[in-house]
Each structure stands twice: as C-alpha cells, then as structure tokens.
>>> print(open('query_23.cif').read())   # mmCIF, N, CA and C atoms
data_work
loop_
_atom_site.label_atom_id
_atom_site.label_comp_id
_atom_site.auth_asym_id
_atom_site.auth_seq_id
_atom_site.Cartn_x
_atom_site.Cartn_y
_atom_site.Cartn_z
N MET V 388 -3.18 -31.19 -21.74
CA MET V 388 -1.80 -31.56 -21.87
C MET V 388 -0.91 -30.31 -21.89
N TRP V 389 -1.29 -29.32 -22.71
CA TRP V 389 -0.45 -28.12 -22.81
C TRP V 389 -0.43 -27.34 -21.50
N SER V 390 -1.57 -27.34 -20.82
CA SER V 390 -1.60 -26.61 -19.54
C SER V 390 -0.71 -27.29 -18.51
N THR V 391 -0.66 -28.61 -18.52
CA THR V 391 0.21 -29.33 -17.59
C THR V 391 1.67 -29.04 -17.88
N ILE V 392 2.03 -29.04 -19.15
CA ILE V 392 3.41 -28.73 -19.54
C ILE V 392 3.74 -27.28 -19.18
N GLY V 393 2.80 -26.39 -19.43
CA GLY V 393 3.01 -24.98 -19.10
C GLY V 393 3.21 -24.76 -17.61
N LYS V 394 2.41 -25.44 -16.80
CA LYS V 394 2.57 -25.33 -15.35
C LYS V 394 3.91 -25.88 -14.90
N TYR V 395 4.31 -27.00 -15.48
CA TYR V 395 5.59 -27.61 -15.10
C TYR V 395 6.76 -26.69 -15.46
N VAL V 396 6.78 -26.23 -16.71
CA VAL V 396 7.87 -25.35 -17.16
C VAL V 396 7.81 -24.01 -16.42
N GLY V 397 6.62 -23.47 -16.23
CA GLY V 397 6.48 -22.22 -15.50
C GLY V 397 6.97 -22.34 -14.07
N GLY V 398 6.67 -23.46 -13.43
CA GLY V 398 7.15 -23.70 -12.07
C GLY V 398 8.66 -23.78 -12.00
N LYS V 399 9.26 -24.44 -12.98
CA LYS V 399 10.73 -24.54 -13.02
C LYS V 399 11.36 -23.18 -13.27
N VAL V 400 10.79 -22.40 -14.18
CA VAL V 400 11.34 -21.08 -14.48
C VAL V 400 11.20 -20.17 -13.28
N LEU V 401 10.04 -20.19 -12.62
CA LEU V 401 9.84 -19.36 -11.44
C LEU V 401 10.80 -19.76 -10.33
N THR V 402 11.01 -21.04 -10.13
CA THR V 402 11.96 -21.50 -9.12
C THR V 402 13.37 -21.02 -9.44
N ALA V 403 13.77 -21.11 -10.71
CA ALA V 403 15.10 -20.65 -11.10
C ALA V 403 15.25 -19.15 -10.87
N VAL V 404 14.24 -18.38 -11.22
CA VAL V 404 14.30 -16.92 -11.02
C VAL V 404 14.41 -16.60 -9.53
N LEU V 405 13.62 -17.27 -8.70
CA LEU V 405 13.68 -17.03 -7.27
C LEU V 405 15.03 -17.41 -6.67
N VAL V 406 15.61 -18.53 -7.10
CA VAL V 406 16.91 -18.96 -6.58
C VAL V 406 18.00 -17.98 -7.00
N VAL V 407 18.02 -17.59 -8.26
CA VAL V 407 19.03 -16.66 -8.75
C VAL V 407 18.85 -15.29 -8.09
N GLY V 408 17.63 -14.83 -7.97
CA GLY V 408 17.38 -13.54 -7.32
C GLY V 408 17.78 -13.54 -5.86
N SER V 409 17.47 -14.61 -5.16
CA SER V 409 17.86 -14.71 -3.75
C SER V 409 19.38 -14.76 -3.59
N ALA V 410 20.03 -15.52 -4.46
CA ALA V 410 21.49 -15.59 -4.40
C ALA V 410 22.12 -14.23 -4.70
N ALA V 411 21.60 -13.54 -5.70
CA ALA V 411 22.12 -12.22 -6.03
C ALA V 411 21.92 -11.25 -4.88
N ALA V 412 20.77 -11.30 -4.22
CA ALA V 412 20.52 -10.41 -3.07
C ALA V 412 21.47 -10.73 -1.93
N LEU V 413 21.68 -12.02 -1.65
CA LEU V 413 22.61 -12.40 -0.58
C LEU V 413 24.02 -11.92 -0.88
N ILE V 414 24.48 -12.12 -2.10
CA ILE V 414 25.82 -11.67 -2.47
C ILE V 414 25.92 -10.16 -2.39
N TRP V 415 24.90 -9.47 -2.89
CA TRP V 415 24.93 -8.00 -2.86
C TRP V 415 25.03 -7.48 -1.43
N PHE V 416 24.19 -7.97 -0.54
CA PHE V 416 24.20 -7.46 0.83
C PHE V 416 25.40 -7.96 1.62
N TRP V 417 25.99 -9.07 1.22
CA TRP V 417 27.21 -9.53 1.85
C TRP V 417 28.37 -8.59 1.50
N ARG V 418 28.39 -8.11 0.26
CA ARG V 418 29.46 -7.20 -0.18
C ARG V 418 29.19 -5.75 0.21
N HIS V 419 27.94 -5.38 0.47
CA HIS V 419 27.57 -4.01 0.83
C HIS V 419 26.70 -4.03 2.09
N PRO V 420 27.27 -4.33 3.26
CA PRO V 420 26.45 -4.45 4.48
C PRO V 420 25.80 -3.13 4.91
N GLU V 421 26.38 -1.99 4.51
CA GLU V 421 25.79 -0.70 4.90
C GLU V 421 24.43 -0.50 4.24
N GLN V 422 24.21 -1.10 3.09
CA GLN V 422 22.93 -0.95 2.41
C GLN V 422 21.85 -1.83 3.04
N LEU V 423 22.26 -2.85 3.76
CA LEU V 423 21.28 -3.71 4.45
C LEU V 423 20.57 -2.92 5.54
N SER V 424 21.30 -2.09 6.28
CA SER V 424 20.65 -1.30 7.33
C SER V 424 19.71 -0.26 6.73
N SER V 425 20.09 0.33 5.60
CA SER V 425 19.19 1.29 4.96
C SER V 425 17.97 0.59 4.39
N LEU V 426 18.12 -0.64 3.94
CA LEU V 426 16.98 -1.40 3.44
C LEU V 426 15.97 -1.64 4.56
N TRP V 427 16.45 -2.01 5.74
CA TRP V 427 15.55 -2.25 6.86
C TRP V 427 14.85 -0.97 7.29
N GLU V 428 15.52 0.17 7.17
CA GLU V 428 14.90 1.44 7.50
C GLU V 428 13.73 1.72 6.54
N VAL V 429 13.93 1.44 5.27
CA VAL V 429 12.87 1.63 4.27
C VAL V 429 11.71 0.68 4.54
N VAL V 430 12.02 -0.56 4.87
CA VAL V 430 10.97 -1.54 5.15
C VAL V 430 10.16 -1.13 6.38
N LYS V 431 10.82 -0.64 7.42
CA LYS V 431 10.10 -0.20 8.63
C LYS V 431 9.16 0.95 8.31
N ARG V 432 9.64 1.92 7.52
CA ARG V 432 8.80 3.06 7.19
C ARG V 432 7.63 2.65 6.28
N ALA V 433 7.90 1.74 5.36
CA ALA V 433 6.82 1.27 4.47
C ALA V 433 5.76 0.52 5.27
N LEU V 434 6.17 -0.30 6.22
CA LEU V 434 5.20 -1.02 7.05
C LEU V 434 4.41 -0.06 7.94
N ALA V 435 5.07 0.98 8.43
CA ALA V 435 4.35 1.98 9.23
C ALA V 435 3.29 2.67 8.38
N TRP V 436 3.64 3.03 7.15
CA TRP V 436 2.67 3.68 6.27
C TRP V 436 1.53 2.73 5.93
N LEU V 437 1.87 1.48 5.64
CA LEU V 437 0.85 0.50 5.31
C LEU V 437 -0.12 0.31 6.48
N GLY V 438 0.41 0.27 7.70
CA GLY V 438 -0.45 0.17 8.87
C GLY V 438 -1.37 1.37 8.99
N PHE V 439 -0.84 2.57 8.72
CA PHE V 439 -1.66 3.78 8.78
C PHE V 439 -2.79 3.71 7.75
N VAL V 440 -2.45 3.30 6.54
CA VAL V 440 -3.46 3.21 5.47
C VAL V 440 -4.54 2.20 5.83
N LEU V 441 -4.15 1.07 6.40
CA LEU V 441 -5.13 0.04 6.74
C LEU V 441 -6.05 0.45 7.88
N VAL V 442 -5.55 1.24 8.82
CA VAL V 442 -6.33 1.59 10.00
C VAL V 442 -7.19 2.83 9.79
N LEU V 443 -6.74 3.76 8.96
CA LEU V 443 -7.40 5.06 8.84
C LEU V 443 -8.91 4.99 8.59
N PRO V 444 -9.40 4.31 7.55
CA PRO V 444 -10.85 4.34 7.33
C PRO V 444 -11.64 3.62 8.42
N TRP V 445 -11.03 2.64 9.07
CA TRP V 445 -11.72 1.94 10.16
C TRP V 445 -11.75 2.80 11.41
N ALA V 446 -10.69 3.56 11.66
CA ALA V 446 -10.66 4.42 12.84
C ALA V 446 -11.63 5.58 12.71
N LEU V 447 -11.89 6.01 11.49
CA LEU V 447 -12.80 7.13 11.25
C LEU V 447 -14.14 6.65 10.68
N PHE V 448 -14.63 5.52 11.19
CA PHE V 448 -15.88 4.95 10.69
C PHE V 448 -17.06 5.90 10.86
N PHE V 449 -17.00 6.74 11.88
CA PHE V 449 -18.11 7.65 12.14
C PHE V 449 -18.26 8.69 11.03
N VAL V 450 -17.19 8.98 10.31
CA VAL V 450 -17.28 9.91 9.17
C VAL V 450 -18.12 9.29 8.07
N THR V 451 -17.92 8.00 7.82
CA THR V 451 -18.71 7.31 6.80
C THR V 451 -20.18 7.30 7.20
N THR V 452 -20.47 7.09 8.47
CA THR V 452 -21.86 7.11 8.93
C THR V 452 -22.48 8.48 8.69
N TRP V 453 -21.74 9.52 8.98
CA TRP V 453 -22.24 10.89 8.77
C TRP V 453 -22.50 11.15 7.29
N VAL V 454 -21.59 10.68 6.43
CA VAL V 454 -21.74 10.89 4.98
C VAL V 454 -22.96 10.14 4.45
N VAL V 455 -23.18 8.92 4.93
CA VAL V 455 -24.34 8.14 4.47
C VAL V 455 -25.63 8.83 4.88
N ARG V 456 -25.67 9.37 6.06
CA ARG V 456 -26.89 10.06 6.52
C ARG V 456 -27.14 11.34 5.73
N ARG V 457 -26.09 11.98 5.27
CA ARG V 457 -26.26 13.20 4.47
C ARG V 457 -26.74 12.89 3.06
N GLU V 458 -26.45 11.67 2.58
CA GLU V 458 -26.81 11.25 1.22
C GLU V 458 -26.29 12.24 0.18
N SER V 459 -25.02 12.57 0.28
CA SER V 459 -24.40 13.54 -0.60
C SER V 459 -23.17 12.94 -1.26
N ASN V 460 -23.17 12.98 -2.60
CA ASN V 460 -21.99 12.50 -3.32
C ASN V 460 -20.80 13.42 -3.09
N LEU V 461 -21.06 14.70 -2.92
CA LEU V 461 -19.98 15.65 -2.66
C LEU V 461 -19.30 15.33 -1.33
N ALA V 462 -20.09 15.04 -0.31
CA ALA V 462 -19.52 14.69 1.00
C ALA V 462 -18.71 13.40 0.90
N ALA V 463 -19.21 12.43 0.16
CA ALA V 463 -18.48 11.17 0.00
C ALA V 463 -17.16 11.39 -0.74
N GLY V 464 -17.20 12.20 -1.78
CA GLY V 464 -15.97 12.50 -2.52
C GLY V 464 -14.97 13.25 -1.67
N LEU V 465 -15.45 14.21 -0.87
CA LEU V 465 -14.55 14.95 0.01
C LEU V 465 -13.96 14.05 1.09
N MET V 466 -14.75 13.11 1.58
CA MET V 466 -14.24 12.16 2.58
C MET V 466 -13.12 11.31 1.98
N LEU V 467 -13.35 10.77 0.79
CA LEU V 467 -12.33 9.93 0.16
C LEU V 467 -11.09 10.75 -0.20
N ALA V 468 -11.29 11.98 -0.66
CA ALA V 468 -10.15 12.85 -0.98
C ALA V 468 -9.37 13.18 0.29
N GLY V 469 -10.07 13.40 1.39
CA GLY V 469 -9.39 13.67 2.66
C GLY V 469 -8.58 12.49 3.13
N TYR V 470 -9.14 11.30 3.01
CA TYR V 470 -8.38 10.09 3.38
C TYR V 470 -7.13 9.96 2.53
N LEU V 471 -7.28 10.19 1.23
CA LEU V 471 -6.13 10.08 0.33
C LEU V 471 -5.08 11.13 0.66
N LEU V 472 -5.51 12.35 0.93
CA LEU V 472 -4.54 13.40 1.28
C LEU V 472 -3.81 13.06 2.58
N LEU V 473 -4.51 12.50 3.55
CA LEU V 473 -3.84 12.06 4.79
C LEU V 473 -2.83 10.95 4.49
N ASP V 474 -3.20 10.00 3.63
CA ASP V 474 -2.27 8.93 3.25
C ASP V 474 -1.03 9.50 2.57
N ILE V 475 -1.22 10.44 1.67
CA ILE V 475 -0.10 11.05 0.95
C ILE V 475 0.78 11.83 1.92
N PHE V 476 0.18 12.59 2.82
CA PHE V 476 0.95 13.37 3.78
C PHE V 476 1.82 12.47 4.66
N VAL V 477 1.24 11.39 5.17
CA VAL V 477 2.00 10.48 6.02
C VAL V 477 3.12 9.80 5.23
N ALA V 478 2.85 9.41 4.00
CA ALA V 478 3.87 8.76 3.18
C ALA V 478 5.03 9.72 2.91
N LEU V 479 4.73 10.94 2.55
CA LEU V 479 5.80 11.90 2.27
C LEU V 479 6.55 12.29 3.53
N THR V 480 5.86 12.32 4.66
CA THR V 480 6.54 12.59 5.93
C THR V 480 7.49 11.46 6.27
N LEU V 481 7.06 10.23 6.09
CA LEU V 481 7.92 9.09 6.37
C LEU V 481 9.07 8.98 5.38
N ALA V 482 8.86 9.44 4.15
CA ALA V 482 9.92 9.37 3.14
C ALA V 482 11.06 10.32 3.47
N GLY V 483 10.75 11.42 4.13
CA GLY V 483 11.80 12.33 4.57
C GLY V 483 12.40 13.13 3.44
N ASN V 484 13.58 13.66 3.71
CA ASN V 484 14.27 14.54 2.76
C ASN V 484 15.37 13.82 2.00
N HIS V 485 15.22 12.53 1.81
CA HIS V 485 16.24 11.77 1.09
C HIS V 485 16.17 12.05 -0.40
N LYS V 486 17.23 11.68 -1.09
CA LYS V 486 17.24 11.82 -2.55
C LYS V 486 16.29 10.77 -3.13
N HIS V 487 15.31 11.22 -3.89
CA HIS V 487 14.32 10.31 -4.45
C HIS V 487 14.54 10.19 -5.96
N TYR V 488 14.53 8.96 -6.42
CA TYR V 488 14.71 8.68 -7.84
C TYR V 488 13.36 8.39 -8.49
N ALA V 489 13.38 8.18 -9.77
CA ALA V 489 12.13 7.95 -10.51
C ALA V 489 11.40 6.71 -10.00
N LEU V 490 12.13 5.66 -9.68
CA LEU V 490 11.49 4.44 -9.18
C LEU V 490 10.76 4.72 -7.87
N THR V 491 11.34 5.55 -7.02
CA THR V 491 10.70 5.89 -5.76
C THR V 491 9.36 6.56 -6.00
N TRP V 492 9.33 7.50 -6.93
CA TRP V 492 8.08 8.21 -7.22
C TRP V 492 7.05 7.29 -7.84
N VAL V 493 7.48 6.36 -8.69
CA VAL V 493 6.55 5.40 -9.29
C VAL V 493 5.94 4.52 -8.20
N VAL V 494 6.78 4.04 -7.28
CA VAL V 494 6.29 3.19 -6.19
C VAL V 494 5.32 3.98 -5.30
N LEU V 495 5.66 5.24 -5.01
CA LEU V 495 4.76 6.07 -4.20
C LEU V 495 3.42 6.29 -4.90
N LEU V 496 3.45 6.57 -6.19
CA LEU V 496 2.20 6.79 -6.93
C LEU V 496 1.34 5.53 -6.97
N ILE V 497 1.97 4.38 -7.15
CA ILE V 497 1.22 3.12 -7.13
C ILE V 497 0.64 2.88 -5.74
N GLY V 498 1.42 3.19 -4.70
CA GLY V 498 0.92 3.06 -3.33
C GLY V 498 -0.26 3.97 -3.08
N PHE V 499 -0.20 5.21 -3.61
CA PHE V 499 -1.31 6.14 -3.43
C PHE V 499 -2.55 5.62 -4.15
N LEU V 500 -2.37 5.06 -5.33
CA LEU V 500 -3.50 4.51 -6.08
C LEU V 500 -4.15 3.37 -5.30
N PHE V 501 -3.34 2.46 -4.78
CA PHE V 501 -3.89 1.35 -4.02
C PHE V 501 -4.55 1.81 -2.73
N SER V 502 -3.98 2.83 -2.09
CA SER V 502 -4.62 3.33 -0.86
C SER V 502 -5.96 3.97 -1.17
N ALA V 503 -6.07 4.66 -2.30
CA ALA V 503 -7.35 5.25 -2.68
C ALA V 503 -8.39 4.17 -2.94
N VAL V 504 -7.99 3.11 -3.63
CA VAL V 504 -8.93 2.01 -3.90
C VAL V 504 -9.32 1.33 -2.60
N TYR V 505 -8.35 1.11 -1.72
CA TYR V 505 -8.65 0.48 -0.42
C TYR V 505 -9.63 1.34 0.38
N ASN V 506 -9.38 2.64 0.43
CA ASN V 506 -10.28 3.53 1.15
C ASN V 506 -11.70 3.47 0.58
N PHE V 507 -11.81 3.44 -0.73
CA PHE V 507 -13.12 3.35 -1.38
C PHE V 507 -13.83 2.06 -1.00
N VAL V 508 -13.11 0.94 -1.08
CA VAL V 508 -13.72 -0.36 -0.79
C VAL V 508 -14.18 -0.43 0.67
N VAL V 509 -13.33 0.04 1.59
CA VAL V 509 -13.70 -0.01 3.00
C VAL V 509 -14.88 0.90 3.28
N CYS V 510 -14.87 2.10 2.73
CA CYS V 510 -15.98 3.03 2.96
C CYS V 510 -17.27 2.52 2.33
N GLU V 511 -17.17 1.87 1.19
CA GLU V 511 -18.36 1.28 0.55
C GLU V 511 -18.93 0.18 1.44
N TYR V 512 -18.05 -0.65 2.01
CA TYR V 512 -18.50 -1.70 2.92
C TYR V 512 -19.18 -1.09 4.15
N GLN V 513 -18.54 -0.07 4.72
CA GLN V 513 -19.12 0.59 5.89
C GLN V 513 -20.47 1.23 5.55
N ALA V 514 -20.56 1.84 4.38
CA ALA V 514 -21.81 2.48 3.97
C ALA V 514 -22.92 1.44 3.81
N ASP V 515 -22.60 0.29 3.24
CA ASP V 515 -23.61 -0.77 3.12
C ASP V 515 -24.09 -1.23 4.49
N ARG V 516 -23.18 -1.33 5.44
CA ARG V 516 -23.55 -1.75 6.80
C ARG V 516 -24.45 -0.69 7.46
N VAL V 517 -24.12 0.59 7.25
CA VAL V 517 -24.92 1.66 7.84
C VAL V 517 -26.31 1.69 7.21
N GLU V 518 -26.39 1.50 5.88
CA GLU V 518 -27.69 1.51 5.20
C GLU V 518 -28.56 0.36 5.67
N ASP V 519 -27.96 -0.80 6.00
CA ASP V 519 -28.73 -1.93 6.50
C ASP V 519 -29.36 -1.60 7.85
N VAL V 520 -28.65 -0.81 8.66
CA VAL V 520 -29.14 -0.44 9.98
C VAL V 520 -30.25 0.59 9.87
N LEU V 521 -30.09 1.54 8.93
CA LEU V 521 -31.08 2.60 8.77
C LEU V 521 -32.29 2.04 8.14
#
>>> encode(input="query_23.cif", output="structure tokens")
Amino acid sequence: MWSTIGKYVGGKVLTAVLVVGSAAALIWFWRHPEQLSSLWEVVKRALAWLGFVLVLPWALFFVTTWVVRRESNLAAGLMLAGYLLLDIFVALTLAGNHKHYALTWVVLLIGFLFSAVYNFVVCEYQADRVEDVL
C-alpha cells in the first residue's frame, strides 16, 4: 500500500518538476535567445566528445590484444591511463579558451571519471574475448 502511494505521489511530483522546469527553460530562452545558440554549441561539443570516448577503446582493440598477450598489469594500467589522457585532451581541446566556472570543472571531472570506467569495462570485455580465443 505504501509503495503504491509513494509511486503515485512521486510520479505527480516528478511531473510537476518537469513541467515547471520545461516552462522555466522556455521562458528563459525566449527572453535570452543569444544563449540558445551558445547552448547548442556546448551540446554539439559534448556530443562530439562523447562519440570520441565511445569509439576510442573499440577503435584501438588491437592494443588490448597486445596487453593481454603480454600478461602485464603495468601494460594494462598504462593502456587505461593513455585512453584517459586522450579523453581528457580531447575534452579540454573542445572546451576551448572560454571562461570556465566551478560547475564546468565538476561536470568535466565527472565526465572523466565515467570515461575511465567505460574504458575499463570495454577493455575488460575485450580482454575476456581475447582470452577465450587464446
């Protein structure tokens, strides 16, 4: 009974938050149209970085194969660190020389953390596939 009430009330609260947030965003961008173009620029750059992060470990699958054959934790760590450094370099290049605030750096750090975890998961999957073949 309580879970049903909680789901009902939670659904209503979430709907209200989404409606108010959407209305506030529409009003904001209606009154400040110049910020809408800058928002799309940020979205394009973020999607470009996300695409780079998603493709990088798959495009360099042969590095994972080489690391598995070496059976070296140092090589695996260097591979993951290299992937992360490439992700960071591309993100900072796409961010450009704009004025960055604290929220920007927090979002970038969270993005770097998620890219590191993604790289680890993909490389672990690739390593399992290579070990099955060997």
>>> atom_distance(input="query_23.cif", atom1="atom N of Val450 of chain V", atom2="atom N of Leu472 of chain V")
15.4 Å
>>> atom_distance(input="query_23.cif", atom1="atom CA of Gln513 of chain V", atom2="atom CA of Thr452 of chain V")
7.7 Å
>>> closest_residue(input="query_23.cif", among="V:Leu413, V:Val406, V:Leu471, V:Ala433", to="Tyr505 of chain V", atoms="only C-alpha atoms")
V:Leu471
>>> atom_distance(input="query_23.cif", atom1="atom C of Leu441 of chain V", atom2="atom C of Leu423 of chain V")
26.9 Å
>>> closest_atom_pairs(input="query_23.cif", of="segment 458-495 of chain V", to="segment 499-504 of chain V", cutoff="7 Å", atoms="all atoms listed in the file", output="tab-separated table")
residue	atom	partner	partner_atom	distance
V:Leu471	CA	V:Ala503	CA	5.8
V:Asp474	C	V:Phe499	CA	6.9
V:Ile475	N	V:Phe499	CA	6.7
V:Val494	C	V:Phe499	N	5.9
V:Leu495	C	V:Phe499	N	4.0
>>> resolve_selection(input="query_23.cif", expression="the PyMOL selection byres (((chain V and resi 476-492 and name CA) around 12) and name CA)", output="MDAnalysis selection string")
chainID V and resid 425 428:440 443 469:475 493:499 502
>>> axis_aligned_box(input="query_23.cif", around="segment 391-407 of chain V", padding_each_side="6 Å", output="lines of an AutoDock Vina configuration file")
center_x = 9.2
center_y = -22.3
center_z = -13.1
size_x = 31.7
size_y = 26.0
size_z = 25.0
>>> residues_around(input="query_23.cif", residues="Val517 of chain V", least_positions_apart="2", cutoff="8 Å", atoms="only N, CA and C atoms", output="compact mmCIF listing (two decimals) with N, CA and C atoms, in the coordinates of the input")
# COMPACT_ATOMS: atom_id res chain seq x y z
N THR V 451 -17.92 8.00 7.82
CA THR V 451 -18.71 7.31 6.80
C THR V 451 -20.18 7.30 7.20
N THR V 452 -20.47 7.09 8.47
CA THR V 452 -21.86 7.11 8.93
C THR V 452 -22.48 8.48 8.69
N VAL V 455 -23.18 8.92 4.93
CA VAL V 455 -24.34 8.14 4.47
C VAL V 455 -25.63 8.83 4.88
N ARG V 456 -25.67 9.37 6.06
CA ARG V 456 -26.89 10.06 6.52
C ARG V 456 -27.14 11.34 5.73
N GLU V 511 -17.17 1.87 1.19
CA GLU V 511 -18.36 1.28 0.55
C GLU V 511 -18.93 0.18 1.44
N TYR V 512 -18.05 -0.65 2.01
CA TYR V 512 -18.50 -1.70 2.92
C TYR V 512 -19.18 -1.09 4.15
N GLN V 513 -18.54 -0.07 4.72
CA GLN V 513 -19.12 0.59 5.89
C GLN V 513 -20.47 1.23 5.55
N ALA V 514 -20.56 1.84 4.38
CA ALA V 514 -21.81 2.48 3.97
C ALA V 514 -22.92 1.44 3.81
N ASP V 515 -22.60 0.29 3.24
CA ASP V 515 -23.61 -0.77 3.12
C ASP V 515 -24.09 -1.23 4.49
N ASP V 519 -27.96 -0.80 6.00
CA ASP V 519 -28.73 -1.93 6.50
C ASP V 519 -29.36 -1.60 7.85
N VAL V 520 -28.65 -0.81 8.66
CA VAL V 520 -29.14 -0.44 9.98
C VAL V 520 -30.25 0.59 9.87
N LEU V 521 -30.09 1.54 8.93
CA LEU V 521 -31.08 2.60 8.77
C LEU V 521 -32.29 2.04 8.14
>>> build_atoms(input="query_23.cif", residues="segment 489-503 of chain V", atoms="N, CA, C and O atoms", output="PDB file, keeping the file's coordinate frame")
ATOM      1  N   ALA V 489      13.380   8.180  -9.770  1.00  0.00           N
ATOM      2  CA  ALA V 489      12.130   7.950 -10.510  1.00  0.00           C
ATOM      3  C   ALA V 489      11.400   6.710 -10.000  1.00  0.00           C
ATOM      4  O   ALA V 489      10.165   6.727  -9.884  1.00  0.00           O
ATOM      5  N   LEU V 490      12.130   5.660  -9.680  1.00  0.00           N
ATOM      6  CA  LEU V 490      11.490   4.440  -9.180  1.00  0.00           C
ATOM      7  C   LEU V 490      10.760   4.720  -7.870  1.00  0.00           C
ATOM      8  O   LEU V 490       9.664   4.199  -7.638  1.00  0.00           O
ATOM      9  N   THR V 491      11.340   5.550  -7.020  1.00  0.00           N
ATOM     10  CA  THR V 491      10.700   5.890  -5.760  1.00  0.00           C
ATOM     11  C   THR V 491       9.360   6.560  -6.000  1.00  0.00           C
ATOM     12  O   THR V 491       8.356   6.239  -5.353  1.00  0.00           O
ATOM     13  N   TRP V 492       9.330   7.500  -6.930  1.00  0.00           N
ATOM     14  CA  TRP V 492       8.080   8.210  -7.220  1.00  0.00           C
ATOM     15  C   TRP V 492       7.050   7.290  -7.840  1.00  0.00           C
ATOM     16  O   TRP V 492       5.856   7.403  -7.559  1.00  0.00           O
ATOM     17  N   VAL V 493       7.480   6.360  -8.690  1.00  0.00           N
ATOM     18  CA  VAL V 493       6.550   5.400  -9.290  1.00  0.00           C
ATOM     19  C   VAL V 493       5.940   4.520  -8.200  1.00  0.00           C
ATOM     20  O   VAL V 493       4.724   4.299  -8.165  1.00  0.00           O
ATOM     21  N   VAL V 494       6.780   4.040  -7.280  1.00  0.00           N
ATOM     22  CA  VAL V 494       6.290   3.190  -6.190  1.00  0.00           C
ATOM     23  C   VAL V 494       5.320   3.980  -5.300  1.00  0.00           C
ATOM     24  O   VAL V 494       4.275   3.470  -4.897  1.00  0.00           O
ATOM     25  N   LEU V 495       5.660   5.240  -5.010  1.00  0.00           N
ATOM     26  CA  LEU V 495       4.760   6.070  -4.200  1.00  0.00           C
ATOM     27  C   LEU V 495       3.420   6.290  -4.900  1.00  0.00           C
ATOM     28  O   LEU V 495       2.365   6.178  -4.277  1.00  0.00           O
ATOM     29  N   LEU V 496       3.450   6.570  -6.190  1.00  0.00           N
ATOM     30  CA  LEU V 496       2.200   6.790  -6.930  1.00  0.00           C
ATOM     31  C   LEU V 496       1.340   5.530  -6.970  1.00  0.00           C
ATOM     32  O   LEU V 496       0.118   5.603  -6.810  1.00  0.00           O
ATOM     33  N   ILE V 497       1.970   4.380  -7.150  1.00  0.00           N
ATOM     34  CA  ILE V 497       1.220   3.120  -7.130  1.00  0.00           C
ATOM     35  C   ILE V 497       0.640   2.880  -5.740  1.00  0.00           C
ATOM     36  O   ILE V 497      -0.504   2.453  -5.594  1.00  0.00           O
ATOM     37  N   GLY V 498       1.420   3.190  -4.700  1.00  0.00           N
ATOM     38  CA  GLY V 498       0.920   3.060  -3.330  1.00  0.00           C
ATOM     39  C   GLY V 498      -0.260   3.970  -3.080  1.00  0.00           C
ATOM     40  O   GLY V 498      -1.234   3.581  -2.424  1.00  0.00           O
ATOM     41  N   PHE V 499      -0.200   5.210  -3.610  1.00  0.00           N
ATOM     42  CA  PHE V 499      -1.310   6.140  -3.430  1.00  0.00           C
ATOM     43  C   PHE V 499      -2.550   5.620  -4.150  1.00  0.00           C
ATOM     44  O   PHE V 499      -3.669   5.738  -3.632  1.00  0.00           O
ATOM     45  N   LEU V 500      -2.370   5.060  -5.330  1.00  0.00           N
ATOM     46  CA  LEU V 500      -3.500   4.510  -6.080  1.00  0.00           C
ATOM     47  C   LEU V 500      -4.150   3.370  -5.300  1.00  0.00           C
ATOM     48  O   LEU V 500      -5.384   3.330  -5.156  1.00  0.00           O
ATOM     49  N   PHE V 501      -3.340   2.460  -4.780  1.00  0.00           N
ATOM     50  CA  PHE V 501      -3.890   1.350  -4.020  1.00  0.00           C
ATOM     51  C   PHE V 501      -4.550   1.810  -2.730  1.00  0.00           C
ATOM     52  O   PHE V 501      -5.568   1.261  -2.307  1.00  0.00           O
ATOM     53  N   SER V 502      -3.980   2.830  -2.090  1.00  0.00           N
ATOM     54  CA  SER V 502      -4.620   3.330  -0.860  1.00  0.00           C
ATOM     55  C   SER V 502      -5.960   3.970  -1.170  1.00  0.00           C
ATOM     56  O   SER V 502      -6.908   3.839  -0.393  1.00  0.00           O
ATOM     57  N   ALA V 503      -6.070   4.660  -2.300  1.00  0.00           N
ATOM     58  CA  ALA V 503      -7.350   5.250  -2.680  1.00  0.00           C
ATOM     59  C   ALA V 503      -8.390   4.170  -2.940  1.00  0.00           C
ATOM     60  O   ALA V 503      -9.542   4.287  -2.508  1.00  0.00           O
TER      61      ALA V 503
END
